[in-house]
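Dropping work-v4.pdb in here (PDB, C-alpha atoms):
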ATOM      1  CA  MET A   4     -34.368 -20.264  -5.287
ATOM      2  CA  PRO A   5     -30.639 -19.590  -4.984
ATOM      3  CA  VAL A   6     -28.490 -16.623  -5.901
ATOM      4  CA  ALA A   7     -26.065 -17.153  -8.801
ATOM      5  CA  VAL A   8     -22.827 -15.205  -8.603
ATOM      6  CA  THR A   9     -20.995 -14.709 -11.885
ATOM      7  CA  GLY A  10     -17.551 -13.141 -11.826
ATOM      8  CA  SER A  11     -13.842 -13.675 -11.604
ATOM      9  CA  ILE A  12     -12.298 -16.597  -9.724
ATOM     10  CA  ALA A  13      -8.633 -16.007  -9.004
ATOM     11  CA  THR A  14      -5.726 -16.459  -6.662
ATOM     12  CA  ASP A  15      -4.443 -13.317  -4.957
ATOM     13  CA  HIS A  16      -0.751 -12.580  -4.430
ATOM     14  CA  LEU A  17      -0.655  -9.749  -1.877
ATOM     15  CA  MET A  18       2.404  -7.713  -0.900
ATOM     16  CA  THR A  19       3.032  -4.802   1.480
ATOM     17  CA  PHE A  20       5.288  -1.830   0.731
ATOM     18  CA  PRO A  21       6.349  -0.011   3.937
ATOM     19  CA  GLY A  22       6.591   3.424   2.297
ATOM     20  CA  LYS A  23       4.255   5.547   0.176
ATOM     21  CA  PHE A  24       3.975   5.071  -3.572
ATOM     22  CA  THR A  25       3.549   8.807  -4.068
ATOM     23  CA  GLU A  26       6.979   9.510  -2.556
ATOM     24  CA  GLN A  27       8.577   7.525  -5.379
ATOM     25  CA  PHE A  28       7.049   9.552  -8.215
ATOM     26  CA  VAL A  29       9.294  12.162  -9.862
ATOM     27  CA  GLU A  30       7.649  15.350 -11.082
ATOM     28  CA  GLY A  31       8.049  15.745 -14.817
ATOM     29  CA  GLN A  32       8.911  12.072 -15.338
ATOM     30  CA  MET A  33       5.467  10.479 -15.102
ATOM     31  CA  GLU A  34       5.562   9.554 -18.793
ATOM     32  CA  ASN A  35       8.698   7.477 -18.148
ATOM     33  CA  VAL A  36       7.833   5.634 -14.945
ATOM     34  CA  SER A  37      10.154   2.752 -14.062
ATOM     35  CA  LEU A  38       9.713   1.707 -10.449
ATOM     36  CA  SER A  39      10.447  -1.345  -8.344
ATOM     37  CA  PHE A  40       9.126  -1.575  -4.785
ATOM     38  CA  LEU A  41      10.960  -3.633  -2.167
ATOM     39  CA  VAL A  42       8.102  -5.265  -0.260
ATOM     40  CA  ASP A  43       8.035  -6.627   3.273
ATOM     41  CA  ASP A  44       6.046  -9.779   2.695
ATOM     42  CA  LEU A  45       4.145 -11.933   0.221
ATOM     43  CA  VAL A  46       1.042 -13.967   0.938
ATOM     44  CA  GLN A  47      -1.101 -15.973  -1.432
ATOM     45  CA  HIS A  48      -4.841 -16.244  -0.937
ATOM     46  CA  ARG A  49      -7.951 -17.359  -2.744
ATOM     47  CA  GLY A  50      -9.751 -14.487  -4.434
ATOM     48  CA  GLY A  51     -11.579 -13.150  -7.453
ATOM     49  CA  ALA A  52     -14.632 -10.922  -7.080
ATOM     50  CA  GLY A  53     -17.144 -13.648  -7.939
ATOM     51  CA  ALA A  54     -15.628 -16.185  -5.578
ATOM     52  CA  ASN A  55     -15.245 -13.571  -2.818
ATOM     53  CA  MET A  56     -18.917 -12.636  -2.965
ATOM     54  CA  ALA A  57     -19.957 -16.278  -3.098
ATOM     55  CA  TYR A  58     -17.781 -17.037  -0.058
ATOM     56  CA  GLY A  59     -19.468 -14.268   1.939
ATOM     57  CA  LEU A  60     -22.928 -15.415   0.899
ATOM     58  CA  GLY A  61     -21.984 -18.957   1.885
ATOM     59  CA  LEU A  62     -20.940 -17.814   5.358
ATOM     60  CA  LEU A  63     -24.336 -16.150   5.671
ATOM     61  CA  GLY A  64     -26.120 -19.387   4.811
ATOM     62  CA  LEU A  65     -27.384 -18.641   1.292
ATOM     63  CA  ALA A  66     -25.741 -21.568  -0.587
ATOM     64  CA  PRO A  67     -24.862 -19.390  -3.618
ATOM     65  CA  VAL A  68     -24.154 -20.879  -7.039
ATOM     66  CA  LEU A  69     -20.773 -19.742  -8.329
ATOM     67  CA  VAL A  70     -20.541 -19.274 -12.098
ATOM     68  CA  GLY A  71     -17.147 -18.662 -13.694
ATOM     69  CA  ALA A  72     -14.169 -20.268 -15.406
ATOM     70  CA  VAL A  73     -11.060 -21.787 -13.792
ATOM     71  CA  GLY A  74      -7.995 -23.834 -14.678
ATOM     72  CA  SER A  75      -6.900 -27.340 -13.741
ATOM     73  CA  ASP A  76      -5.184 -25.854 -10.661
ATOM     74  CA  PHE A  77      -8.584 -25.168  -9.052
ATOM     75  CA  ALA A  78      -9.076 -28.442  -7.137
ATOM     76  CA  ASP A  79      -7.985 -27.228  -3.683
ATOM     77  CA  TYR A  80      -9.826 -23.943  -4.117
ATOM     78  CA  ASP A  81     -12.934 -25.857  -5.185
ATOM     79  CA  ALA A  82     -12.849 -27.933  -2.004
ATOM     80  CA  TRP A  83     -12.426 -24.783   0.114
ATOM     81  CA  LEU A  84     -15.466 -23.078  -1.393
ATOM     82  CA  SER A  85     -17.594 -26.205  -1.097
ATOM     83  CA  ARG A  86     -16.712 -26.468   2.595
ATOM     84  CA  HIS A  87     -17.924 -22.912   3.061
ATOM     85  CA  GLY A  88     -21.355 -23.364   1.540
ATOM     86  CA  VAL A  89     -20.732 -22.470  -2.102
ATOM     87  CA  ASP A  90     -22.228 -24.552  -4.925
ATOM     88  CA  THR A  91     -19.418 -24.913  -7.503
ATOM     89  CA  GLY A  92     -21.282 -27.290  -9.803
ATOM     90  CA  SER A  93     -21.619 -24.663 -12.535
ATOM     91  CA  VAL A  94     -17.965 -23.622 -12.654
ATOM     92  CA  HIS A  95     -16.323 -24.204 -16.053
ATOM     93  CA  TRP A  96     -12.888 -25.892 -15.969
ATOM     94  CA  SER A  97     -10.487 -24.880 -18.753
ATOM     95  CA  GLU A  98      -8.328 -27.539 -20.337
ATOM     96  CA  LEU A  99      -5.673 -25.059 -21.461
ATOM     97  CA  LYS A 100      -5.312 -22.119 -19.064
ATOM     98  CA  HIS A 101      -4.517 -21.463 -15.419
ATOM     99  CA  THR A 102      -6.951 -19.917 -12.992
ATOM    100  CA  ALA A 103      -6.784 -16.103 -13.085
ATOM    101  CA  ARG A 104      -4.266 -14.337 -10.822
ATOM    102  CA  PHE A 105      -4.378 -10.989  -9.046
ATOM    103  CA  VAL A 106      -1.065  -9.442  -7.918
ATOM    104  CA  CYS A 107      -1.427  -6.436  -5.594
ATOM    105  CA  THR A 108       0.945  -4.265  -3.561
ATOM    106  CA  THR A 109      -0.454  -2.053  -0.781
ATOM    107  CA  ASP A 110       1.554   0.854   0.635
ATOM    108  CA  ALA A 111       1.642   2.320   4.154
ATOM    109  CA  VAL A 112      -1.461   4.481   3.563
ATOM    110  CA  ASN A 113      -3.477   1.754   1.814
ATOM    111  CA  ASN A 114      -2.876   2.925  -1.753
ATOM    112  CA  GLN A 115      -2.697  -0.048  -4.094
ATOM    113  CA  ILE A 116      -0.991  -0.948  -7.386
ATOM    114  CA  ALA A 117      -2.225  -4.177  -8.944
ATOM    115  CA  SER A 118      -2.105  -6.363 -12.051
ATOM    116  CA  PHE A 119      -4.586  -9.011 -13.146
ATOM    117  CA  TYR A 120      -3.944 -12.032 -15.396
ATOM    118  CA  SER A 121      -7.254 -13.297 -16.749
ATOM    119  CA  GLY A 122      -6.172 -16.835 -17.704
ATOM    120  CA  ALA A 123      -9.111 -19.227 -17.755
ATOM    121  CA  MET A 124     -11.490 -16.347 -17.051
ATOM    122  CA  SER A 125     -11.413 -15.619 -20.792
ATOM    123  CA  GLU A 126     -13.540 -18.764 -21.288
ATOM    124  CA  ALA A 127     -16.373 -17.533 -19.044
ATOM    125  CA  SER A 128     -18.152 -16.151 -22.101
ATOM    126  CA  ALA A 129     -18.978 -19.741 -23.088
ATOM    127  CA  ILE A 130     -21.181 -20.194 -20.005
ATOM    128  CA  GLU A 131     -24.951 -19.977 -20.420
ATOM    129  CA  LEU A 132     -27.171 -19.267 -17.411
ATOM    130  CA  ALA A 133     -30.213 -21.295 -18.471
ATOM    131  CA  PRO A 134     -28.545 -24.676 -17.735
ATOM    132  CA  VAL A 135     -27.453 -23.294 -14.363
ATOM    133  CA  ALA A 136     -31.028 -22.338 -13.556
ATOM    134  CA  ALA A 137     -32.283 -25.743 -14.716
ATOM    135  CA  ARG A 138     -29.739 -27.572 -12.537
ATOM    136  CA  VAL A 139     -30.643 -25.720  -9.329
ATOM    137  CA  GLY A 140     -34.371 -25.227  -9.917
ATOM    138  CA  GLY A 141     -34.413 -21.577 -10.935
ATOM    139  CA  LEU A 142     -32.555 -18.414  -9.988
ATOM    140  CA  ASP A 143     -33.844 -15.743  -7.633
ATOM    141  CA  LEU A 144     -31.063 -13.301  -8.475
ATOM    142  CA  VAL A 145     -27.978 -13.208 -10.713
ATOM    143  CA  VAL A 146     -24.979 -11.158  -9.630
ATOM    144  CA  ILE A 147     -22.955  -9.991 -12.622
ATOM    145  CA  GLY A 148     -19.589  -9.134 -11.133
ATOM    146  CA  PRO A 149     -16.314  -8.143 -12.809
ATOM    147  CA  ASN A 150     -15.389 -10.900 -15.208
ATOM    148  CA  ASP A 151     -14.408 -11.464 -18.815
ATOM    149  CA  PRO A 152     -16.121  -8.500 -20.564
ATOM    150  CA  THR A 153     -17.828 -10.674 -23.161
ATOM    151  CA  ALA A 154     -19.159 -12.893 -20.397
ATOM    152  CA  MET A 155     -20.515  -9.896 -18.484
ATOM    153  CA  VAL A 156     -22.386  -8.656 -21.543
ATOM    154  CA  ARG A 157     -23.702 -12.139 -22.365
ATOM    155  CA  HIS A 158     -24.926 -12.777 -18.815
ATOM    156  CA  THR A 159     -26.623  -9.367 -18.666
ATOM    157  CA  GLU A 160     -28.400  -9.891 -21.977
ATOM    158  CA  GLU A 161     -29.520 -13.368 -20.948
ATOM    159  CA  CYS A 162     -30.916 -12.041 -17.685
ATOM    160  CA  ARG A 163     -33.000  -9.497 -19.583
ATOM    161  CA  THR A 164     -34.161 -12.088 -22.127
ATOM    162  CA  ARG A 165     -35.083 -14.754 -19.577
ATOM    163  CA  GLY A 166     -36.403 -12.384 -16.935
ATOM    164  CA  TYR A 167     -33.803 -13.084 -14.247
ATOM    165  CA  ALA A 168     -33.418 -10.259 -11.741
ATOM    166  CA  PHE A 169     -29.790  -9.142 -11.840
ATOM    167  CA  VAL A 170     -27.177  -7.125  -9.973
ATOM    168  CA  ALA A 171     -24.810  -4.913 -11.981
ATOM    169  CA  ASP A 172     -21.356  -4.778 -10.399
ATOM    170  CA  PRO A 173     -18.931  -3.772 -13.189
ATOM    171  CA  SER A 174     -16.320  -2.667 -10.630
ATOM    172  CA  GLN A 175     -12.740  -2.840 -12.006
ATOM    173  CA  GLN A 176     -13.975  -3.314 -15.580
ATOM    174  CA  MET A 177     -15.463   0.187 -15.529
ATOM    175  CA  ALA A 178     -12.023   1.709 -16.123
ATOM    176  CA  TRP A 179     -11.583   0.456 -19.684
ATOM    177  CA  ALA A 180     -15.205  -0.177 -20.799
ATOM    178  CA  ASP A 181     -16.738   2.440 -23.061
ATOM    179  CA  GLY A 182     -19.994   4.242 -22.399
ATOM    180  CA  GLY A 183     -22.062   1.929 -24.568
ATOM    181  CA  MET A 184     -20.905  -1.184 -22.764
ATOM    182  CA  ILE A 185     -21.468   0.376 -19.342
ATOM    183  CA  ARG A 186     -24.979   1.423 -20.332
ATOM    184  CA  ASP A 187     -25.691  -2.141 -21.474
ATOM    185  CA  LEU A 188     -24.418  -3.600 -18.191
ATOM    186  CA  VAL A 189     -26.355  -1.201 -15.968
ATOM    187  CA  ASP A 190     -29.702  -0.623 -17.687
ATOM    188  CA  GLY A 191     -32.488  -2.628 -16.048
ATOM    189  CA  ALA A 192     -30.478  -3.866 -13.063
ATOM    190  CA  ASP A 193     -32.379  -4.452  -9.855
ATOM    191  CA  LEU A 194     -29.266  -3.384  -7.994
ATOM    192  CA  LEU A 195     -26.156  -1.405  -8.993
ATOM    193  CA  PHE A 196     -22.934  -1.393  -6.956
ATOM    194  CA  THR A 197     -20.145   1.173  -7.379
ATOM    195  CA  ASN A 198     -17.584   2.901  -5.224
ATOM    196  CA  GLU A 199     -17.325   6.706  -5.356
ATOM    197  CA  TYR A 200     -14.750   6.776  -8.125
ATOM    198  CA  GLU A 201     -16.646   4.208 -10.206
ATOM    199  CA  ALA A 202     -19.848   6.221  -9.742
ATOM    200  CA  ALA A 203     -18.166   9.321 -11.177
ATOM    201  CA  LEU A 204     -16.656   7.270 -14.003
ATOM    202  CA  LEU A 205     -20.062   5.782 -14.808
ATOM    203  CA  LEU A 206     -21.619   9.234 -15.126
ATOM    204  CA  GLN A 207     -18.730  10.531 -17.226
ATOM    205  CA  LYS A 208     -18.670   7.633 -19.668
ATOM    206  CA  THR A 209     -22.426   7.101 -20.065
ATOM    207  CA  GLY A 210     -23.348  10.765 -20.153
ATOM    208  CA  TRP A 211     -26.167  10.031 -17.710
ATOM    209  CA  SER A 212     -26.998  12.145 -14.691
ATOM    210  CA  ASP A 213     -27.544  10.638 -11.237
ATOM    211  CA  ALA A 214     -31.296  10.867 -11.811
ATOM    212  CA  GLU A 215     -31.040   9.091 -15.157
ATOM    213  CA  VAL A 216     -29.086   6.225 -13.566
ATOM    214  CA  LEU A 217     -31.713   5.919 -10.828
ATOM    215  CA  ASP A 218     -34.454   5.780 -13.470
ATOM    216  CA  ARG A 219     -32.712   2.733 -14.971
ATOM    217  CA  VAL A 220     -31.914   0.694 -11.848
ATOM    218  CA  GLY A 221     -33.873  -0.372  -8.809
ATOM    219  CA  THR A 222     -31.324   0.551  -6.148
ATOM    220  CA  TRP A 223     -27.890   2.206  -6.416
ATOM    221  CA  VAL A 224     -25.411   1.368  -3.649
ATOM    222  CA  THR A 225     -22.220   3.458  -3.501
ATOM    223  CA  THR A 226     -19.447   2.528  -1.089
ATOM    224  CA  ARG A 227     -17.406   5.432   0.323
ATOM    225  CA  ALA A 228     -14.622   3.738   2.322
ATOM    226  CA  ALA A 229     -14.396   5.286   5.801
ATOM    227  CA  ASN A 230     -17.410   7.487   5.039
ATOM    228  CA  GLY A 231     -19.722   4.488   4.882
ATOM    229  CA  VAL A 232     -22.325   3.608   2.278
ATOM    230  CA  LEU A 233     -24.861   5.653   0.308
ATOM    231  CA  VAL A 234     -28.034   3.937  -0.950
ATOM    232  CA  ARG A 235     -30.370   5.644  -3.405
ATOM    233  CA  GLN A 236     -33.612   4.869  -5.200
ATOM    234  CA  ALA A 237     -35.642   6.999  -7.588
ATOM    235  CA  GLY A 238     -38.331   8.962  -5.760
ATOM    236  CA  ALA A 239     -36.960   8.198  -2.289
ATOM    237  CA  GLY A 240     -34.614   9.925   0.103
ATOM    238  CA  PRO A 241     -31.022   8.689   0.313
ATOM    239  CA  ILE A 242     -29.948   6.264   3.035
ATOM    240  CA  GLU A 243     -26.522   6.714   4.613
ATOM    241  CA  VAL A 244     -24.936   4.009   6.751
ATOM    242  CA  ILE A 245     -21.684   4.331   8.682
ATOM    243  CA  ALA A 246     -18.690   2.096   8.171
ATOM    244  CA  VAL A 247     -18.460  -0.214  11.178
ATOM    245  CA  PRO A 248     -15.313   0.909  13.055
ATOM    246  CA  GLU A 249     -12.277  -1.336  12.750
ATOM    247  CA  THR A 250     -10.451  -2.575  15.839
ATOM    248  CA  LYS A 251      -7.493  -4.176  14.044
ATOM    249  CA  PRO A 252      -5.091  -3.175  11.251
ATOM    250  CA  VAL A 253      -6.852  -2.924   7.914
ATOM    251  CA  GLU A 254      -6.007  -4.661   4.601
ATOM    252  CA  PRO A 255      -8.678  -3.273   2.264
ATOM    253  CA  THR A 256      -8.610  -5.903  -0.493
ATOM    254  CA  GLY A 257     -11.955  -7.704  -0.625
ATOM    255  CA  GLY A 258     -13.891  -5.334   1.616
ATOM    256  CA  GLY A 259     -16.195  -4.286  -1.206
ATOM    257  CA  ASP A 260     -16.971  -7.887  -2.150
ATOM    258  CA  ALA A 261     -17.802  -8.692   1.486
ATOM    259  CA  LEU A 262     -20.080  -5.667   1.690
ATOM    260  CA  ARG A 263     -21.921  -6.799  -1.407
ATOM    261  CA  ALA A 264     -22.374 -10.276   0.058
ATOM    262  CA  GLY A 265     -23.798  -8.877   3.272
ATOM    263  CA  PHE A 266     -26.135  -6.477   1.497
ATOM    264  CA  ILE A 267     -27.441  -9.119  -0.908
ATOM    265  CA  ALA A 268     -27.907 -11.629   1.921
ATOM    266  CA  GLY A 269     -29.886  -9.062   3.878
ATOM    267  CA  ARG A 270     -32.185  -8.390   0.948
ATOM    268  CA  MET A 271     -32.647 -12.112   0.321
ATOM    269  CA  TRP A 272     -33.617 -12.463   3.998
ATOM    270  CA  GLY A 273     -36.264  -9.806   3.446
ATOM    271  CA  LEU A 274     -34.547  -7.020   5.381
ATOM    272  CA  GLY A 275     -35.140  -3.380   4.494
ATOM    273  CA  LEU A 276     -32.552  -1.351   2.644
ATOM    274  CA  GLU A 277     -31.048   0.295   5.713
ATOM    275  CA  ARG A 278     -30.693  -2.934   7.665
ATOM    276  CA  ALA A 279     -29.251  -4.792   4.679
ATOM    277  CA  THR A 280     -26.718  -1.992   4.197
ATOM    278  CA  GLN A 281     -25.771  -2.185   7.869
ATOM    279  CA  LEU A 282     -25.225  -5.911   7.489
ATOM    280  CA  GLY A 283     -23.028  -5.276   4.470
ATOM    281  CA  SER A 284     -20.998  -2.704   6.373
ATOM    282  CA  ALA A 285     -20.469  -5.095   9.284
ATOM    283  CA  VAL A 286     -19.393  -7.990   7.060
ATOM    284  CA  ALA A 287     -17.000  -5.687   5.176
ATOM    285  CA  THR A 288     -15.272  -4.676   8.409
ATOM    286  CA  GLU A 289     -14.781  -8.320   9.353
ATOM    287  CA  ALA A 290     -13.179  -8.898   5.949
ATOM    288  CA  VAL A 291     -10.729  -5.979   6.004
ATOM    289  CA  GLU A 292      -9.360  -6.828   9.452
ATOM    290  CA  VAL A 293      -7.616  -9.920   8.085
ATOM    291  CA  ILE A 294      -5.186 -10.395   5.215
ATOM    292  CA  GLY A 295      -6.853 -12.209   2.330
ATOM    293  CA  THR A 296     -10.312 -11.853   0.888
ATOM    294  CA  GLN A 297     -11.679 -15.175   2.173
ATOM    295  CA  GLU A 298      -9.924 -15.475   5.521
ATOM    296  CA  TYR A 299     -12.574 -13.831   7.679
ATOM    297  CA  THR A 300     -15.203 -15.710   9.650
ATOM    298  CA  LEU A 301     -18.547 -14.635  11.098
ATOM    299  CA  GLN A 302     -18.726 -15.982  14.626
ATOM    300  CA  ARG A 303     -22.338 -15.466  15.599
ATOM    301  CA  GLU A 304     -22.178 -13.982  19.101
ATOM    302  CA  PRO A 305     -19.144 -11.689  18.609
ATOM    303  CA  PHE A 306     -20.573 -10.519  15.288
ATOM    304  CA  LEU A 307     -23.975  -9.721  16.797
ATOM    305  CA  ALA A 308     -22.362  -7.879  19.718
ATOM    306  CA  ARG A 309     -20.335  -5.737  17.330
ATOM    307  CA  PHE A 310     -23.389  -5.134  15.177
ATOM    308  CA  ALA A 311     -25.355  -4.002  18.240
ATOM    309  CA  ASP A 312     -22.564  -1.606  19.236
ATOM    310  CA  ALA A 313     -22.671   0.006  15.799
ATOM    311  CA  PHE A 314     -26.401  -0.003  15.041
ATOM    312  CA  GLY A 315     -28.288  -0.808  18.252
ATOM    313  CA  SER A 316     -29.722  -3.886  19.899
ATOM    314  CA  ASP A 317     -32.983  -3.796  17.932
ATOM    315  CA  ALA A 318     -31.032  -3.939  14.665
ATOM    316  CA  ALA A 319     -28.938  -6.849  15.967
ATOM    317  CA  ASP A 320     -32.088  -8.724  17.032
ATOM    318  CA  GLU A 321     -33.481  -8.342  13.516
ATOM    319  CA  ILE A 322     -30.491  -9.954  11.823
ATOM    320  CA  ALA A 323     -30.040 -12.569  14.575
ATOM    321  CA  VAL A 324     -33.152 -14.353  13.317
ATOM    322  CA  HIS A 325     -31.376 -15.080  10.037
ATOM    323  CA  LEU A 326     -27.696 -15.297  10.967
ATOM    324  CA  PRO A 327     -26.366 -18.884  10.941
ATOM    325  CA  GLY A 328     -24.834 -20.311  14.103
TER     326      GLY A 328
END
Give the structure from the file, written as structure tokens.
Amino acid sequence: MPVAVTGSIATDHLMTFPGKFTEQFVEGQMENVSLSFLVDDLVQHRGGAGANMAYGLGLLGLAPVLVGAVGSDFADYDAWLSRHGVDTGSVHWSELKHTARFVCTTDAVNNQIASFYSGAMSEASAIELAPVAARVGGLDLVVIGPNDPTAMVRHTEECRTRGYAFVADPSQQMAWADGGMIRDLVDGADLLFTNEYEAALLLQKTGWSDAEVLDRVGTWVTTRAANGVLVRQAGAGPIEVIAVPETKPVEPTGGGDALRAGFIAGRMWGLGLERATQLGSAVATEAVEVIGTQEYTLQREPFLARFADAFGSDAADEIAVHLPG
């Protein structure tokens, strides 16, 4: 049965600022910030956390079902995803609003300032998962990525009610959600994804300890940028996996979504936690070495060679059985 990926579907407008944001801040004037950054370039790419994860899963051969809401401007994007192995048959098309848009500026040290217009994403709360499951013959896993907050809560509750295994990935929505909402999104998840900052925010807002989170989820995966990935389960020792070294300039947008796709694909293939995390790390590095969240490819032989360099030939042989040509 397929993996359903719920989450934002958006277009990304990415810019690069050649200086450092922090050099523009004036001490004592932070309550009156008024800044304009002269950027070097502007590129537009397909994005949105849900679509990014689905794209990565499609590259890895899983034929994921994308679930989200878009505007009438989605036709070209729809064709792109379909060509890359994503089932878009359960995407809701709005009659009134544009597809969501993400506008992000990255400075010389990879700090980012971004804005997000939700647009048609606000209609995602109207989507029910049961018809999706009926259309595709059941759901093996439901990824609940950052999306319209009401939609995230509805999808989580439906997963609990109908017994669908689910992944909690509140990501950017963690910043404004209160403790009650975060507890609702996380409790009972088979898998929880956070970065280091989101992990600290989760503990602060829910009032839970690390141990209490681990008692409520199956596996907790925390990404730590250049320091790799930490994987924890209740009653088991932690697993730490390195970040696969980059060989090209890095544009970090979308790296986390690619890591999630790789990790989930590895688990769906039946790989152990460490190997699945290694796969996620390798896919993330491929993603951050290009500009745009869906511009990377996974060429089989170069990818396996790089994987072997990072994790050994035995590890590469284990994923080679599953990796598409």
Answer key for the PyMOL selection byres ((chain A and resi 238) around 12), residues as a tab-separated table (two decimals) with C-alpha atoms, in the coordinates of the input:
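This is the output file expr30.tsv:
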chain	number	residue	atom	x	y	z
A	214	ALA	CA	-31.30	10.87	-11.81
A	215	GLU	CA	-31.04	9.09	-15.16
A	217	LEU	CA	-31.71	5.92	-10.83
A	218	ASP	CA	-34.45	5.78	-13.47
A	221	GLY	CA	-33.87	-0.37	-8.81
A	222	THR	CA	-31.32	0.55	-6.15
A	235	ARG	CA	-30.37	5.64	-3.40
A	236	GLN	CA	-33.61	4.87	-5.20
A	237	ALA	CA	-35.64	7.00	-7.59
A	239	ALA	CA	-36.96	8.20	-2.29
A	240	GLY	CA	-34.61	9.93	0.10
A	241	PRO	CA	-31.02	8.69	0.31
Hey, what comes out of the PyMOL selection byres ((chain A and resi 41) around 12) on this file? Could you write it as a list of chain:residue names? A:Met18, A:Thr19, A:Phe20, A:Pro21, A:Gly22, A:Lys23, A:Phe24, A:Gln27, A:Leu38, A:Ser39, A:Phe40, A:Val42, A:Asp43, A:Asp44, A:Leu45, A:Thr108, A:Thr109, A:Asp110
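Distance check against His95 (chain A) using only C-alpha atoms: of A:Ile116, A:Ala127, A:Ala54, A:Val8, the minimum falls on A:Ala127.
Remark: for Pro173 (chain A), the closest of the candidate residues A:Leu195, A:Ala285, A:Val232, A:Ile294 is A:Leu195 (distances computed over only C-alpha atoms).
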Within 12 Å of (-29.9, -4.9, -16.8) (file coordinates; all atoms listed in the file), which protein or nucleic acid residues are there? I'd like them as number ranges by chain. A: 144-147, 155-173, 184-195, 216, 219-221
Write out the residues from the selection above, keeping C-alpha atoms, as a PDB file, in the frame of the given file.
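Once written, again.pdb looks like this:
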ATOM      1  CA  LEU A 144     -31.063 -13.301  -8.475  1.00  0.00           C
ATOM      2  CA  VAL A 145     -27.978 -13.208 -10.713  1.00  0.00           C
ATOM      3  CA  VAL A 146     -24.979 -11.158  -9.630  1.00  0.00           C
ATOM      4  CA  ILE A 147     -22.955  -9.991 -12.622  1.00  0.00           C
ATOM      5  CA  MET A 155     -20.515  -9.896 -18.484  1.00  0.00           C
ATOM      6  CA  VAL A 156     -22.386  -8.656 -21.543  1.00  0.00           C
ATOM      7  CA  ARG A 157     -23.702 -12.139 -22.365  1.00  0.00           C
ATOM      8  CA  HIS A 158     -24.926 -12.777 -18.815  1.00  0.00           C
ATOM      9  CA  THR A 159     -26.623  -9.367 -18.666  1.00  0.00           C
ATOM     10  CA  GLU A 160     -28.400  -9.891 -21.977  1.00  0.00           C
ATOM     11  CA  GLU A 161     -29.520 -13.368 -20.948  1.00  0.00           C
ATOM     12  CA  CYS A 162     -30.916 -12.041 -17.685  1.00  0.00           C
ATOM     13  CA  ARG A 163     -33.000  -9.497 -19.583  1.00  0.00           C
ATOM     14  CA  THR A 164     -34.161 -12.088 -22.127  1.00  0.00           C
ATOM     15  CA  ARG A 165     -35.083 -14.754 -19.577  1.00  0.00           C
ATOM     16  CA  GLY A 166     -36.403 -12.384 -16.935  1.00  0.00           C
ATOM     17  CA  TYR A 167     -33.803 -13.084 -14.247  1.00  0.00           C
ATOM     18  CA  ALA A 168     -33.418 -10.259 -11.741  1.00  0.00           C
ATOM     19  CA  PHE A 169     -29.790  -9.142 -11.840  1.00  0.00           C
ATOM     20  CA  VAL A 170     -27.177  -7.125  -9.973  1.00  0.00           C
ATOM     21  CA  ALA A 171     -24.810  -4.913 -11.981  1.00  0.00           C
ATOM     22  CA  ASP A 172     -21.356  -4.778 -10.399  1.00  0.00           C
ATOM     23  CA  PRO A 173     -18.931  -3.772 -13.189  1.00  0.00           C
ATOM     24  CA  MET A 184     -20.905  -1.184 -22.764  1.00  0.00           C
ATOM     25  CA  ILE A 185     -21.468   0.376 -19.342  1.00  0.00           C
ATOM     26  CA  ARG A 186     -24.979   1.423 -20.332  1.00  0.00           C
ATOM     27  CA  ASP A 187     -25.691  -2.141 -21.474  1.00  0.00           C
ATOM     28  CA  LEU A 188     -24.418  -3.600 -18.191  1.00  0.00           C
ATOM     29  CA  VAL A 189     -26.355  -1.201 -15.968  1.00  0.00           C
ATOM     30  CA  ASP A 190     -29.702  -0.623 -17.687  1.00  0.00           C
ATOM     31  CA  GLY A 191     -32.488  -2.628 -16.048  1.00  0.00           C
ATOM     32  CA  ALA A 192     -30.478  -3.866 -13.063  1.00  0.00           C
ATOM     33  CA  ASP A 193     -32.379  -4.452  -9.855  1.00  0.00           C
ATOM     34  CA  LEU A 194     -29.266  -3.384  -7.994  1.00  0.00           C
ATOM     35  CA  LEU A 195     -26.156  -1.405  -8.993  1.00  0.00           C
ATOM     36  CA  VAL A 216     -29.086   6.225 -13.566  1.00  0.00           C
ATOM     37  CA  ARG A 219     -32.712   2.733 -14.971  1.00  0.00           C
ATOM     38  CA  VAL A 220     -31.914   0.694 -11.848  1.00  0.00           C
ATOM     39  CA  GLY A 221     -33.873  -0.372  -8.809  1.00  0.00           C
TER      40      GLY A 221
END
Determine, for each residue of region 53-118 of chain A having at least one atom at most 8 Å from an atom of region 307-327 of chain A, the closest pair of atoms and their separation in Å to one decimal, counting all atoms listed in the file; order by chain and ascending number, as a Markdown table.
| residue | atom | partner | partner_atom | distance |
| --- | --- | --- | --- | --- |
| A:Leu62 | CA | A:Pro327 | CA | 7.9 |
| A:Leu63 | CA | A:Pro327 | CA | 6.3 |
| A:Gly64 | CA | A:Pro327 | CA | 6.2 |
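With CA of Ala57 (chain A) on one side and CA of Ala264 (chain A) on the other, the separation reads 7.2 Å.
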Contacts of Asp79 (chain A) within 12 Å, all atoms listed in the file, excl. fewer than 5 positions in-chain, as a PyMOL selection string: chain A and resi 14+48-49+73-74+84-86+102
